[in-house]
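Have a look at the structure below, then the notes.
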Amino acid sequence: MAVITYRQALHDTLRAELSRDPNVFLMGEEIGVFEGSYKITAGLLTEFGPERIRDTPIAEEGFVGAAIGAAMLGLRPVVEIMTINFSILAMDQIVNHAAKIHTMFGGQSKVPLVIRTPGGGGQQLAATHSQNLEVWYAHVPGLKVVVPATPADAKGLLAASIRDDDPVMFIEHLALYNTKGEVPDGDYVTEIGKAAVMKQGSDITIVSYSRMAAVALDVAKRLEEDEGVSAEVIDLRSLRPLDRRTILESVKKTHKAVVLEEDWLSYGVGAEIAATIQEGAFDYLDAPVRRVAAAEIPLPYAKPLELAALPDATALVKVIHETLDATRFRG
Amino acid sequence: MPPAQKKPGKTSSSGKTSRSAAKTLGSLAGESPKRLRDYYRQMQLIRRFEERSAEMYQRAKIGGYCHLNLGEEATVVGLMDAMERRDYLFTTYREHGYAIARGIEPGRVMAELFGRTTGVSKGWGGSMHLFDVEARLLGGYGIVGGQLPPATGAAMAIAYRGPGGPDTEAVVCQLGDATTNIGAWHESLNLAAIWKLPIVYVIVNNRLGMGTPVEKAAGEPDLYKRGCAYRIPGVRVDGNDVVACRDAMKEALRLAREERQPSILEAVSWRLRGHSVVDPAKYRTKEEARRLHDLDPVAAYRKQLVEGGIADPAELASIDAEVEAQVHSVVEFADNSPHPSPDQLFAHAYATPVANAPRELPGDPLLSL
């Protein structure tokens with residue numbers, strides 16, 4: 001098991017899948033000669049050539065739709081959209097077509113398409129380049145939406161996504177590319193649709209995904225060492241399908257839950273988790289389910305403003321304390 | 001840009017036909033009478049299928065939206081006859097006739113309109129979303145322009161798999177006149193041009209969006225010219241001329257297959273009724289409506305066949321009777337076909353099964369906890 005970055009894990013998996021299956025090819029803006037905005041595809045053009053590492057014009061609707069058509073004919077395109085913010089330009093093709101074609105035509109066509117795209121804030125990229133839009137896609141039946149938090153899941157979920165016969169939104173995070181972690185060697189596939197318990201605990205459940213899952217794990221370890229609080233951390237890994245069972249099993253054990261998410265609060269992932277917990281574990285709850293999410297404002301550029309808007313470890317610790325305190329008062 | 005295509009010149013006409021008959025025949029001269037009669041049969045089949053569809057809609061056998069090919073029969077039959085079985089077809093939501101002319105059993109098309117399990121899309125798509133993987137009809141698409149990027153990508157897949165040649169596959173992407181104003185059109189043309197894709201974009205120009213005339217919506221109303229920004233050639237044909245449509249399509253497909261040159265084919269056609277079954281088309285002037293009567297391609301073709309000595313009225317009447325009986329049984333087949341069972345609701349949710357896929361019905365508890 002090697003320790004590599006999230007970026008390296010993505011790169012190595014793309015390379016392995018390209019080598020494994022001649023139907024797999026990559027397309028996107030500046031992924032070839034320029035090697036990708038975030039260098040995930042570095043070196044692949046030289047190795048696989050311009051047919052399989054296909055630079056596209058700036059035309060998200062056009063090239064995402066073209067990937068759908070290629071997938072309908074049996075190829076396995078892996079599209080890179082430079083950031084999730086630009087995926088909005090391809091929304092018609094993703095929501096009205098990729099998500100519908102298999103079902104709407106009575107199961108006659110598969111759409112084995114992967115759309116890789118990074119989201120997230122915290123890079124001072126200002127309002128239009130810092131969004132967490134994964135919940136938009138997670139709302140749509142017909143899509144699968146995965147949100148890896150670790151280098152190991154970057155590898156395992158990407159391999160699973162490429163080998164899957166349905167359209168998969170594979171949502172990366174800008175702030176995770178340089179993070180390191182242990183990654184299993186060889187062929188390694190992580191099942192889509194299953195959450196991971198990153199850390200076992202008995203006092204409170206923290207539910208999160210993507211970069212915030214890493215923050216949650218960090219906080220949980222710290223609280224254990226400093227305060228003896230035993231927090232269980234669940235990394236959703238997949239937003240559609242959502243592994244409700246793992247969340248509920250945890251809450252039935254800890255009786256308390258906090259959701260940490262980088263998207264906006266209203267109508268967000270946390271709202272879905274909270275609804276799941278209140279329906280599935282109402283009698284087990286000792287405190288209201290709290291959500292720690294982004295402030296509801298287009299993300300600002302200036303660092304103090306950006307920091308104020310984004311959820312972080314401090315906010316999570318505060319809410320965990322408040323939740324634990326609430327149960328003590330009641331007890 | 002090349003000028004609008006002239007009708008293909010015929011060097012010889014049937015020796016049996018008189019001079020005046022040959023003049024009447026126009027582009028039909030030199031064609032096999034058997035084939036011309038078969039075109040008539042197909043046109044009449046689409047005509048009667050669509051008229052019966054309108055009736056069935058009024059009787060609430062068909063739901064949702066329902067757009068008819070009435071007035072476009074010559075275009076549809078000509079275009080489809082030029083395609084090979086191996087070619088792929090993407091269409092708009094006005095596609096019943098295309099499915100039939102592509103060789104799909106008309107009963108399965110009507111059954112789809114009726115929302116039955118025997119329908120081409122098993123009742124999942126309805127009128128706007130006909131699909132048949134065997135016939136390589138890769139979808140009617142309900143979103144205007146939605147089919148353009150996927151069709152372009154299908155052509156990309158063909159190019160990915162090998163070089164061009166006379167026996168290779170090509171893609172036909174049919175669209176309406178108003179679709180040439182959306183972004184996906186321009187993005188698709190650009191991709192087809194830079195990647196040299198084997199695709200023909202067929203614009204069926206019925207001169208109206210829903211009710212908006214082409215001239216009010218398009219900066220370049222000569223739609224076949226709209227590929228010029230991408231160096232994509234275009235030709236315009238009379239959509240009421242079945243042979244001209246077929247020949248222009250054959251040449252466009254040759255370009256696509258052998259030269260990997262994408263092109264535009266504009267067929268000028270007339271929609272005989274409203275945009276959809278429920279549209280009374282009040283935006284048409286009386287003058288226009290009168291003119292439409294003269295532009296009915298089925299009536300005009302019938303006249304041409306009789307006056308050109310290709311078929312006598314009795315022969316055509318017997319074709320009509322056969323078509324009538326066929327359409328009768330088509331409707332009967334659809335009506336007698338089973339409705340999909342609600343327990344099949346999740347049958348096509350995903351192609352690859354996945355853990356924790358939701359299967360709750362409205363009102364069900366989550367996970368049946």
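The chains in the structure tokens are called A, B, ... from first to last as shown; in each chain the residues are counted from 1, and the ligands are counted from 1 in the order shown.
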
Selection near range 54-68 of chain B, 6 Å with only C-alpha atoms, sequence-local residues under 4 positions removed, as a PyMOL selection string: chain B and resi 50+94+113-114+127+276-277

Got time to write the residues from that selection, C-alpha atoms, as a tab-separated table (two decimals), in the first residue's frame?
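And here's out37.tsv as it stands now:
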```
chain	number	residue	atom	x	y	z
B	50	GLU	CA	-50.86	10.11	-38.39
B	94	ARG	CA	-41.96	14.71	-34.63
B	113	LEU	CA	-48.18	6.22	-28.41
B	114	PHE	CA	-50.75	4.26	-26.42
B	127	SER	CA	-44.90	9.90	-28.89
B	276	SER	CA	-49.15	19.45	-32.27
B	277	VAL	CA	-52.49	17.72	-32.32
```

Env of range 234-250 of chain B: 9 Å cut, atoms = only C-alpha atoms, seq-sep filter 4 positions within chain, self excluded. Answer as number ranges by chain. B: 1-8, 27-28, 31, 36, 39, 71-83, 200, 202, 204-205, 222-228, 254-255, 263-270, 295-298, 300-301

What are the residues of chain B lining chain A at 7 Å or less? Count only C-alpha atoms, and put the answer as a ChimeraX atom specification. /B:121-122,124-125,129,131,133,146,149-154,156-157,160,184,187-188,348-352,354-358,369

So which one's closest to Gly268 in chain A, A:Met212, A:Ala313, A:Leu133, A:Val319? Using only C-alpha atoms, please. A:Leu133

Can you list, as number ranges by chain, all residues belonging to range 284-322 of chain B that DSSP tags as helix (DSSP H, G or I)? B: 286-294, 297-307, 313-322

Store the residues of this selection in a file with C-alpha atoms, as a short mmCIF file (atom, residue, chain, number, x, y, z; two decimals), in the first residue's frame.
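This is the output file part.cif:
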```
data_model
loop_
_atom_site.label_atom_id
_atom_site.label_comp_id
_atom_site.auth_asym_id
_atom_site.auth_seq_id
_atom_site.Cartn_x
_atom_site.Cartn_y
_atom_site.Cartn_z
CA LYS B 286 -56.62 31.97 -44.91
CA GLU B 287 -54.49 32.41 -47.99
CA GLU B 288 -51.78 30.22 -46.45
CA ALA B 289 -54.25 27.58 -45.42
CA ARG B 290 -55.61 27.46 -48.98
CA ARG B 291 -52.13 27.16 -50.36
CA LEU B 292 -51.36 24.28 -48.01
CA HIS B 293 -54.06 22.28 -49.69
CA ASP B 294 -52.13 22.51 -52.97
CA PRO B 297 -47.28 15.95 -50.92
CA VAL B 298 -49.34 12.76 -50.93
CA ALA B 299 -52.03 14.18 -53.19
CA ALA B 300 -49.42 15.74 -55.46
CA TYR B 301 -47.45 12.50 -55.70
CA ARG B 302 -50.56 10.49 -56.44
CA LYS B 303 -51.42 12.89 -59.26
CA GLN B 304 -47.88 12.67 -60.57
CA LEU B 305 -47.96 8.87 -60.62
CA VAL B 306 -51.26 8.76 -62.46
CA GLU B 307 -50.47 11.49 -64.98
CA PRO B 313 -56.07 5.06 -60.10
CA ALA B 314 -57.32 1.54 -59.47
CA GLU B 315 -53.87 0.36 -58.43
CA LEU B 316 -53.50 3.29 -56.06
CA ALA B 317 -56.96 2.71 -54.68
CA SER B 318 -56.02 -0.86 -53.89
CA ILE B 319 -52.85 0.34 -52.12
CA ASP B 320 -55.03 2.77 -50.18
CA ALA B 321 -57.34 -0.06 -49.16
CA GLU B 322 -54.42 -2.21 -48.03
#
```

For Arg136 in chain B, which residue among B:Ile194, B:Leu189, B:Val330, B:Val120 is the nearest when counting only C-alpha atoms?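 Using only C-alpha atoms, Arg136 in chain B sits closest to B:Val120.
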
How would you write, as a PyMOL selection string, the set of residues in range 6-236 of chain A that DSSP gives as strand (DSSP E or B)? chain A and resi 24-28+53-55+76-80+114-119+144-146+168-173+180-183+196-199+204-208+231-235

Store the residues picked out above in a file with C-alpha atoms, as a JSON list (two decimals), in the first residue's frame.
```
[["chain", "number", "residue", "atom", "x", "y", "z"],
["A", 24, "VAL", "CA", -12.18, 4.04, -22.48],
["A", 25, "PHE", "CA", -11.15, 7.48, -23.65],
["A", 26, "LEU", "CA", -10.86, 10.92, -22.09],
["A", 27, "MET", "CA", -12.21, 14.20, -23.35],
["A", 28, "GLY", "CA", -12.33, 17.72, -22.01],
["A", 53, "ILE", "CA", -6.94, 11.94, -24.83],
["A", 54, "ARG", "CA", -9.18, 14.29, -26.76],
["A", 55, "ASP", "CA", -8.92, 18.03, -26.30],
["A", 76, "ARG", "CA", -16.74, 4.55, -22.26],
["A", 77, "PRO", "CA", -15.97, 8.26, -22.26],
["A", 78, "VAL", "CA", -14.51, 9.93, -19.19],
["A", 79, "VAL", "CA", -15.20, 13.62, -19.51],
["A", 80, "GLU", "CA", -13.37, 16.25, -17.52],
["A", 114, "VAL", "CA", -18.21, 9.44, -16.32],
["A", 115, "ILE", "CA", -18.09, 13.18, -15.76],
["A", 116, "ARG", "CA", -15.14, 14.12, -13.56],
["A", 117, "THR", "CA", -15.30, 17.62, -12.18],
["A", 118, "PRO", "CA", -13.89, 19.40, -9.14],
["A", 119, "GLY", "CA", -16.01, 21.59, -6.93],
["A", 144, "LYS", "CA", -25.05, 8.21, -9.86],
["A", 145, "VAL", "CA", -23.15, 10.83, -7.86],
["A", 146, "VAL", "CA", -19.94, 10.02, -6.03],
["A", 168, "VAL", "CA", -21.72, 8.88, -13.03],
["A", 169, "MET", "CA", -21.00, 12.38, -11.77],
["A", 170, "PHE", "CA", -17.57, 11.96, -10.18],
["A", 171, "ILE", "CA", -17.14, 15.07, -8.07],
["A", 172, "GLU", "CA", -13.67, 15.92, -6.86],
["A", 173, "HIS", "CA", -12.59, 18.76, -4.60],
["A", 180, "LYS", "CA", -2.08, 12.27, 0.83],
["A", 181, "GLY", "CA", -3.24, 8.90, 1.99],
["A", 182, "GLU", "CA", -2.69, 5.18, 1.73],
["A", 183, "VAL", "CA", -3.95, 3.67, -1.50],
["A", 196, "ALA", "CA", -17.72, 4.40, 4.86],
["A", 197, "VAL", "CA", -17.37, 4.59, 8.61],
["A", 198, "MET", "CA", -14.09, 6.50, 8.76],
["A", 199, "LYS", "CA", -13.87, 6.30, 12.53],
["A", 204, "ILE", "CA", -22.12, 11.32, 18.48],
["A", 205, "THR", "CA", -22.31, 10.72, 14.71],
["A", 206, "ILE", "CA", -20.76, 13.17, 12.27],
["A", 207, "VAL", "CA", -22.00, 12.70, 8.70],
["A", 208, "SER", "CA", -20.01, 14.32, 5.92],
["A", 231, "ALA", "CA", -17.37, 10.61, 17.70],
["A", 232, "GLU", "CA", -18.25, 8.30, 14.83],
["A", 233, "VAL", "CA", -17.47, 9.74, 11.39],
["A", 234, "ILE", "CA", -19.41, 8.66, 8.33],
["A", 235, "ASP", "CA", -18.15, 9.55, 4.87]]
```

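Among the candidate residues B:Ala334, B:Leu25, B:Leu367, B:Leu89, the one lying nearest to Gly123 in chain B is B:Ala334, with distances computed using only C-alpha atoms.
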
Env of Leu285 in chain A: 9 Å cut, atoms = only C-alpha atoms, seq-sep filter 5 positions within chain, self excluded. Answer as a list in words. Val251, Lys252, Thr254, His255, Lys256, Ala257, Ile277 and Gln278 of chain A

Atom pair CA of Ile104 in chain B / CA of Asp132 in chain B: separation (Å): 7.9 Å

As a ChimeraX atom specification, please: the residues near Asp185 in chain A (cut-off 10 Å, only C-alpha atoms, same-chain neighbours under 3 positions excluded). /A:1-2,152,155,182,188

Using only C-alpha atoms, which residues sit within 6 Å of Met128 in chain B once same-chain residues fewer than 5 positions away are excluded, as a PDB file with N, CA and C atoms, in the first residue's frame?
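The resulting file, selection04.pdb, is shown below:
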```
ATOM      1  N   TYR B  93     -38.926  15.204 -31.805  1.00  0.00           N
ATOM      2  CA  TYR B  93     -40.132  14.558 -31.262  1.00  0.00           C
ATOM      3  C   TYR B  93     -41.215  14.409 -32.327  1.00  0.00           C
ATOM      4  N   GLY B 140     -36.146   9.530 -30.536  1.00  0.00           N
ATOM      5  CA  GLY B 140     -36.801  10.787 -30.717  1.00  0.00           C
ATOM      6  C   GLY B 140     -36.500  11.556 -29.441  1.00  0.00           C
ATOM      7  N   GLY B 142     -37.359  14.912 -27.001  1.00  0.00           N
ATOM      8  CA  GLY B 142     -38.404  15.885 -26.713  1.00  0.00           C
ATOM      9  C   GLY B 142     -37.889  17.284 -26.447  1.00  0.00           C
TER      10      GLY B 142
END
```

Which value, in Å to one decimal, gives the distance between CA of Asp279 in chain B and CA of Ala178 in chain B?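 Result for CA of Asp279 in chain B versus CA of Ala178 in chain B: 17.3 Å, one decimal.
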